[in-house]
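Asks: One structure follows; several queries about it will come next.
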Amino acid sequence: MMQEATPETQGRLSPGIRAARAKSFRKSLKKDSTLYLLALPGIVILILFAYLPMSGLILVFKNYNFNDGIFGSPWAGFSNFEFFFSSMEDSLRATRNTVMLNALYMLTGTFFSVAIAIILNELRSKWFIKITQSVMFFPYFISWIIIGAILFSLLDYDKGIMNQLLQTLGISQVDWYSSPWLFVIILVLANIWKSAGYGAIIYYAVLQGIDTSYYEAAKIDGASRWQIITRITVPMLIPSIILMTLLGIGGMLKGDLSMIMGVTFLNPLLLPTTDIIDVYVYRTAIRSGEFGFASAITLYQSVFGFILVLVANKLAGWYDKDSKLF
Amino acid sequence: MLNTENKGLLIFFYCCIAIFSAICLVPFILAVSGSLSTESRIAAEGYSFWPRGFTFETYEFLFGSKAQQILRAYSMSVIVTVLGTVSAVLVTTAYAYVISVKSFRLKNFFAFFAYFTMLFSGGTLPWYLLSTKYYHLGDTLIGLFIPYVLSVFLMFLMANYFRSIPHEIVESAQIDGAGHLRIFFSIMIPLGRVGLVTISLFYALQFWNDFYLPLMLVTDQKLYTIQYLMYNMMANIQFLASGNAAQVGGAIIAPPLETAKMAMTCLTVLPIAILYPFLQRFFVKGIIVGSVKG
C-alpha cells in the first residue's frame, strides 16, 4: 500500500538480481543527481507542510504549552481524550455538521452539474453554449469572502433584497442570519451557485467524448429526445459520477473553513449548523488557545478521515479496478 | 425531424440554462448597483438591482480617506499573487518533470510521496503550530504564499502534460548529450507551455482569492491582503449588527458603510472580471485534461 504497484516492485527478485539492482541504484544516484535537485524544493515543501504536521498529531498525548512547543511539552497520557469526551456534544455537533454539509454539497452539486451538462449536450446553438458556459463558470473564480459580502446584501434583515421581495409578496420577513437551519439551505444554494458551472464542464467534456453513432442509431430506431437522454446520455455519465463521488467520500470530514468564515463571519447564532470540525478547531485552539483539546479533535478527524479514505478506496476497487486510488 | 414534443423540451432546456446563467450574474449586478448608490437611500430603502440615486460618492470616499489602506492591501495581494505564482510554478513544474522522466527509477516513489499527502493530513492545528512556532511564518510575507507553492493536483496535471510530449524528442536530445536541466528548460518547458499557462492561472487565482493564510498567520495590518481586509470589514460590521459591539470594543472598526462594502467587492472582483474573457478557455482546457484519468 505504501508504494504504487509496478511490474518492477511486484515480482520476487533473486539475490543476484538484487545486488545488481543495488549497484545500478548507486549509479543512478550519480547519474540522476539533477533530478533529485529538481525535486528537492517540492520535497521540502511536502515535508514541512504535509508530513511534519502528521507527526504533530502526537500533540493529542501532550499537555501543550506554547513555550515548550510540540515536542518539548510534557506528556499528558489520555487526559485530552477525557476532555474530548467531556464535551462530546460539541464534537458530535461539529462532526454531524461537517458530514451533513458535505453530503448535501455532494448530492446537490453532482445533480446540478450533471443536469447542466446533459442539457448543454442537447442544445444546438454553439454561441449560446459558449456564452452561457462562460457565465456559469464565472462564480467559481470568486472568493468566499466576496460571495459572503454579496449574500449579505441579499439576506440582510432590513436592507436585503430577499426581505424586500417577501414584503412585496406580503409574506413576513425572515431573519436569515439567526436561522441556523434555513442557513443550511443557503449554504447549499451558494455552493451550487459557485461550483455547478465548474462541475458541468467536467461532465460536458465526458459527453463530448461519446461516440455519435449511438445517438444516430437511437434516432433511426425512432427514440424521442427524452428517451435518448435517459437511455444513452445518463448511463454514459454514471461511471464518472460514481468515480467523482467516491473521490469525494474520502474528503467527507474535511470542511471548508474559508467558506464558513466568508459566508457566516462566524456568527454565533448560526453555529448550531455551521460549526464544522475545522471551524471548531479554529475557534477552540487558534482563537482561545485550548490546544490539547483541539488536538484530540484533530486526531479524531484524521483517524475518521483515514477510515473513510480506505472505505472509498475499497468501494472504488469493487466498482472498477482502475478506479482504485491506491 | 422535429416534432412538437422535442421542440417543447428543447425550449424548456434553453430556458433552464438561460435562467441559471442569469442567476450566476445577478449577484454581481447587485454589487455594482449597491456601490453606485447613495448611502442614505440604501439605509432607508435597502439594496436594489438599479442604483438608488446614481453617484460615485462611495468610490470618492474610498479613494479619499481609505486610499492608503486599500492600496496597501491591493499591492499586497498583487505581490503575493506574483511571488506565489512564480515560485509555485517553478517548484511544481520541476517536481512534475522528475516524476515524468520515463527512465527515472524513483519516479513512482516520488509520485506516491506527493499523492499520499492528498489522502492524509495532520489537520489544521499541527500545521498552524509548526508554521507559527517552528517555521516562524507568522506576520511574514513569505508565510502568505510558501505553504501553497506545491499543489499536488496541479503537479499531476503538469506531469500529464510532460508525459504527452513525444518521447522521441527527449531521446534525440539525450543522444546529442543534453542533461536533465537542459531537457527541462529548453524542451519540456517550451513544449509544455499550454500546461504551464493552465497551472499558472490556477495558482494565480488561488493566491489572489486566498484568505486562509492571512487568517491563520497575519495580525499585522501592513500584511493584510485585499481579501482579508474585506473579511475584516464584513466581520466587524456583522459584529455591530448583531449587537456584540461592546465585546469588540477597542478593535478597529471600519465605518459601517453598506455602499463601501459593495464598492470593495467590485474592486476585488475587478481584476478577475477584466482578465476572465481572455483566460477562461485555458481553465476549461485545464479542467478537461485534469479530469481525464491517466
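Ordering of the C-alpha cells sets the chain letters (A, B, ...), residue numbers begin anew at 1 in every chain, and ligands are numbered from 1 in the order given.
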When you look at A:Val281 with a cut-off of 7 Å (counting only C-alpha atoms), what residues show up, excluding the ones that are within fewer than 4 positions of it in the same chain? I need them as a ChimeraX atom specification.

Replies: /A:277,285,294

Asks: Next, the residues of the selection above should be written as a short mmCIF file (atom, residue, chain, number, x, y, z; two decimals), in the first residue's frame with all heavy atoms.

Replies:
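Result file is part.cif:
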data_model
loop_
_atom_site.label_atom_id
_atom_site.label_comp_id
_atom_site.auth_asym_id
_atom_site.auth_seq_id
_atom_site.Cartn_x
_atom_site.Cartn_y
_atom_site.Cartn_z
N ILE A 277 -15.92 20.83 11.69
CA ILE A 277 -14.75 20.47 12.51
C ILE A 277 -13.64 21.51 12.40
O ILE A 277 -13.08 21.93 13.41
CB ILE A 277 -14.23 19.07 12.13
CG1 ILE A 277 -15.28 18.02 12.50
CG2 ILE A 277 -12.93 18.75 12.86
CD1 ILE A 277 -14.93 16.62 12.12
N ALA A 285 -8.89 26.21 19.39
CA ALA A 285 -7.44 26.18 19.53
C ALA A 285 -6.80 27.51 19.14
O ALA A 285 -6.11 28.13 19.94
CB ALA A 285 -6.86 25.06 18.68
N ALA A 294 -8.24 20.63 21.34
CA ALA A 294 -8.43 20.72 19.89
C ALA A 294 -7.62 19.67 19.17
O ALA A 294 -8.03 19.18 18.11
CB ALA A 294 -8.04 22.11 19.40
#

Asks: May I have the residues within 12 Å of B:Leu9 as a ChimeraX atom specification, using only C-alpha atoms and disregarding those fewer than 6 positions away in the same chain?

Replies: /A:119,122-123,224-227,229 /B:2-3,15-16

Asks: Go ahead and dump the residues you just picked, N, CA, C and O atoms, as a PDB file, in the first residue's frame.

Replies:
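Produced file again_17.pdb, reproduced below:
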ATOM      1  N   ILE A 119     -28.116  19.020 -20.378  1.00  0.00           N
ATOM      2  CA  ILE A 119     -28.887  19.998 -21.144  1.00  0.00           C
ATOM      3  C   ILE A 119     -28.007  20.670 -22.199  1.00  0.00           C
ATOM      4  O   ILE A 119     -28.389  20.786 -23.367  1.00  0.00           O
ATOM      5  N   GLU A 122     -27.688  18.780 -25.244  1.00  0.00           N
ATOM      6  CA  GLU A 122     -28.857  18.735 -26.125  1.00  0.00           C
ATOM      7  C   GLU A 122     -28.955  19.969 -27.006  1.00  0.00           C
ATOM      8  O   GLU A 122     -29.555  19.937 -28.072  1.00  0.00           O
ATOM      9  N   LEU A 123     -28.426  21.092 -26.502  1.00  0.00           N
ATOM     10  CA  LEU A 123     -28.591  22.349 -27.228  1.00  0.00           C
ATOM     11  C   LEU A 123     -27.738  22.340 -28.493  1.00  0.00           C
ATOM     12  O   LEU A 123     -26.704  21.704 -28.559  1.00  0.00           O
ATOM     13  N   SER A 224     -37.306   9.102 -28.813  1.00  0.00           N
ATOM     14  CA  SER A 224     -37.552  10.521 -28.586  1.00  0.00           C
ATOM     15  C   SER A 224     -36.340  11.102 -27.879  1.00  0.00           C
ATOM     16  O   SER A 224     -35.489  10.389 -27.369  1.00  0.00           O
ATOM     17  N   ARG A 225     -36.296  12.442 -27.855  1.00  0.00           N
ATOM     18  CA  ARG A 225     -35.186  13.135 -27.212  1.00  0.00           C
ATOM     19  C   ARG A 225     -35.038  12.686 -25.757  1.00  0.00           C
ATOM     20  O   ARG A 225     -33.954  12.446 -25.270  1.00  0.00           O
ATOM     21  N   TRP A 226     -36.193  12.579 -25.098  1.00  0.00           N
ATOM     22  CA  TRP A 226     -36.175  12.208 -23.684  1.00  0.00           C
ATOM     23  C   TRP A 226     -35.636  10.789 -23.501  1.00  0.00           C
ATOM     24  O   TRP A 226     -34.852  10.518 -22.593  1.00  0.00           O
ATOM     25  N   GLN A 227     -36.063   9.889 -24.399  1.00  0.00           N
ATOM     26  CA  GLN A 227     -35.571   8.503 -24.326  1.00  0.00           C
ATOM     27  C   GLN A 227     -34.065   8.449 -24.550  1.00  0.00           C
ATOM     28  O   GLN A 227     -33.357   7.702 -23.873  1.00  0.00           O
ATOM     29  N   ILE A 229     -31.925  10.754 -23.819  1.00  0.00           N
ATOM     30  CA  ILE A 229     -31.245  11.246 -22.612  1.00  0.00           C
ATOM     31  C   ILE A 229     -31.194  10.170 -21.539  1.00  0.00           C
ATOM     32  O   ILE A 229     -30.146   9.872 -20.972  1.00  0.00           O
TER      33      ILE A 229
ATOM     34  N   LEU B   2     -37.997  17.379 -36.307  1.00  0.00           N
ATOM     35  CA  LEU B   2     -38.504  17.903 -35.040  1.00  0.00           C
ATOM     36  C   LEU B   2     -40.009  17.741 -34.935  1.00  0.00           C
ATOM     37  O   LEU B   2     -40.752  18.277 -35.736  1.00  0.00           O
ATOM     38  N   ASN B   3     -40.470  16.998 -33.948  1.00  0.00           N
ATOM     39  CA  ASN B   3     -41.900  17.008 -33.677  1.00  0.00           C
ATOM     40  C   ASN B   3     -42.160  17.923 -32.490  1.00  0.00           C
ATOM     41  O   ASN B   3     -41.231  18.467 -31.896  1.00  0.00           O
ATOM     42  N   CYS B  15     -34.436  27.589 -21.733  1.00  0.00           N
ATOM     43  CA  CYS B  15     -34.859  28.462 -20.630  1.00  0.00           C
ATOM     44  C   CYS B  15     -34.076  28.135 -19.354  1.00  0.00           C
ATOM     45  O   CYS B  15     -33.602  29.032 -18.662  1.00  0.00           O
ATOM     46  N   CYS B  16     -33.954  26.833 -19.039  1.00  0.00           N
ATOM     47  CA  CYS B  16     -33.230  26.420 -17.823  1.00  0.00           C
ATOM     48  C   CYS B  16     -31.836  27.023 -17.795  1.00  0.00           C
ATOM     49  O   CYS B  16     -31.417  27.637 -16.807  1.00  0.00           O
TER      50      CYS B  16
END

Asks: Using only C-alpha atoms, which of B:Tyr231, B:Phe185, B:Tyr128, B:Phe283 sits nearest A:Ile202?

Replies: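 Once distances to A:Ile202 are computed over only C-alpha atoms, the minimum belongs to B:Phe283.
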
Asks: Apply DSSP to the backbone of this structure and, from stretch 48-277 of chain B, keep only the residues in helix (DSSP H, G or I); write these as an NGL selection string.

Replies: :B and (57-65 or 67-100 or 107-119 or 124-134 or 142-144 or 146-148 or 152-163 or 167-175 or 180-191 or 193-209 or 212-217 or 221-223 or 226-241 or 245-248 or 258-277)

Asks: Just the residues within 10 Å of A:Gly248, please, counting only C-alpha atoms, with nothing from its chain fewer than 4 positions along; format it as a ChimeraX atom specification.

Replies: /A:102-103,106,242-244,252-254,308-309,312

Asks: Quick one: everything within 12 Å of A:Ile146, counting only C-alpha atoms, minus sequence neighbours fewer than 3 positions away in the same chain. Send it as a ChimeraX atom specification.

Replies: /A:139-143,149-153,190,194,258-259,261-265 /B:27-28,31,209-211,226-234,261-270

Asks: Please provide as JSON, numbers by chain all residues within 10 Å of B:Gly195, with the sequence filter that same-chain residues fewer than 3 positions apart are discarded (counting only C-alpha atoms).

Replies: {"B": [93, 154, 157, 158, 159, 160, 161, 162, 189, 191, 192, 198, 199, 200, 201, 282, 285, 286, 289]}

Asks: Select, from A:Tyr214, A:Tyr105, A:Tyr203, A:Trp176, the residue with the minimum atom-to-atom distance to chain B, counting only C-alpha atoms.

Replies: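 Between A:Tyr214, A:Tyr105, A:Tyr203, A:Trp176, the residue approaching chain B most closely is A:Tyr203.
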
Asks: Within 12 Å of stretch 159-169 of chain A, counting only C-alpha atoms, which residues qualify if same-chain residues fewer than 6 places away don't, as a list in words?

Replies: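 My reading of the contact set: Ala149, Ile150, Leu151, Phe152, Ser153, Asp175, Trp176, Tyr177 and Ile186 of chain A; Val26, Pro27, Leu30, Ala31, Gly34, Glu39, Ser40, Arg41, Ile42, Ala43, Ala44, Glu45, Gly46, Tyr47, Ser48, Phe49, Trp50, Glu258 and Thr259 of chain B.
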
Asks: From the set B:Phe63, B:Trp127, B:Phe116, B:Phe156, which residue has the shortest atom-to-atom contact distance to chain A, counting only C-alpha atoms?

Replies: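 Closest to chain A, using only C-alpha atoms: B:Trp127.
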
Asks: Quick one: residues within 12 Å of B:Ile146, only C-alpha atoms counted, chain neighbours fewer than 6 positions away excluded, as a list in words?

Replies: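 So, after excluding close chain neighbours, the residues are Pro41, Gly42, Val44, Ile45, Leu46, Leu48 and Phe49 of chain A; Val80, Thr81, Leu83, Gly84, Thr85, Val86, Ser87, Ala88, Val89, Val91, Ser131, Tyr135, Leu137, Gly138, Thr140, Phe207, Leu213 and Leu217 of chain B.
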
Asks: Restrict the selected residues to C-alpha atoms and save them as a PDB file, in the first residue's frame.

Replies:
ATOM      1  CA  PRO A  41      12.131  22.147  -3.342  1.00  0.00           C
ATOM      2  CA  GLY A  42       8.926  20.168  -3.754  1.00  0.00           C
ATOM      3  CA  VAL A  44      10.975  20.180   1.278  1.00  0.00           C
ATOM      4  CA  ILE A  45       7.543  21.800   0.930  1.00  0.00           C
ATOM      5  CA  LEU A  46       5.769  18.446   1.242  1.00  0.00           C
ATOM      6  CA  LEU A  48       7.282  20.909   6.010  1.00  0.00           C
ATOM      7  CA  PHE A  49       3.607  21.419   5.319  1.00  0.00           C
TER       8      PHE A  49
ATOM      9  CA  VAL B  80       1.568  37.666  -3.003  1.00  0.00           C
ATOM     10  CA  THR B  81      -0.051  36.593  -6.275  1.00  0.00           C
ATOM     11  CA  LEU B  83       5.630  35.843  -5.947  1.00  0.00           C
ATOM     12  CA  GLY B  84       3.378  32.914  -5.120  1.00  0.00           C
ATOM     13  CA  THR B  85       2.608  32.068  -8.729  1.00  0.00           C
ATOM     14  CA  VAL B  86       6.222  32.315  -9.905  1.00  0.00           C
ATOM     15  CA  SER B  87       7.617  30.176  -7.093  1.00  0.00           C
ATOM     16  CA  ALA B  88       4.725  27.723  -7.237  1.00  0.00           C
ATOM     17  CA  VAL B  89       5.120  27.217 -10.977  1.00  0.00           C
ATOM     18  CA  VAL B  91       8.539  24.167  -7.751  1.00  0.00           C
ATOM     19  CA  SER B 131       4.079  27.229  10.870  1.00  0.00           C
ATOM     20  CA  TYR B 135       8.977  27.967  10.836  1.00  0.00           C
ATOM     21  CA  LEU B 137       5.872  32.296   9.322  1.00  0.00           C
ATOM     22  CA  GLY B 138       3.583  34.456  11.449  1.00  0.00           C
ATOM     23  CA  THR B 140       5.853  37.429   7.315  1.00  0.00           C
ATOM     24  CA  PHE B 207      -3.260  33.249  -4.416  1.00  0.00           C
ATOM     25  CA  LEU B 213      -3.154  32.032   5.161  1.00  0.00           C
ATOM     26  CA  LEU B 217      -0.740  33.767  10.149  1.00  0.00           C
TER      27      LEU B 217
END

Asks: Which residue gives the smallest distance to chain A among B:Ala73, B:Leu36, B:Val149, B:Leu141, with only C-alpha atoms counted?

Replies: B:Val149
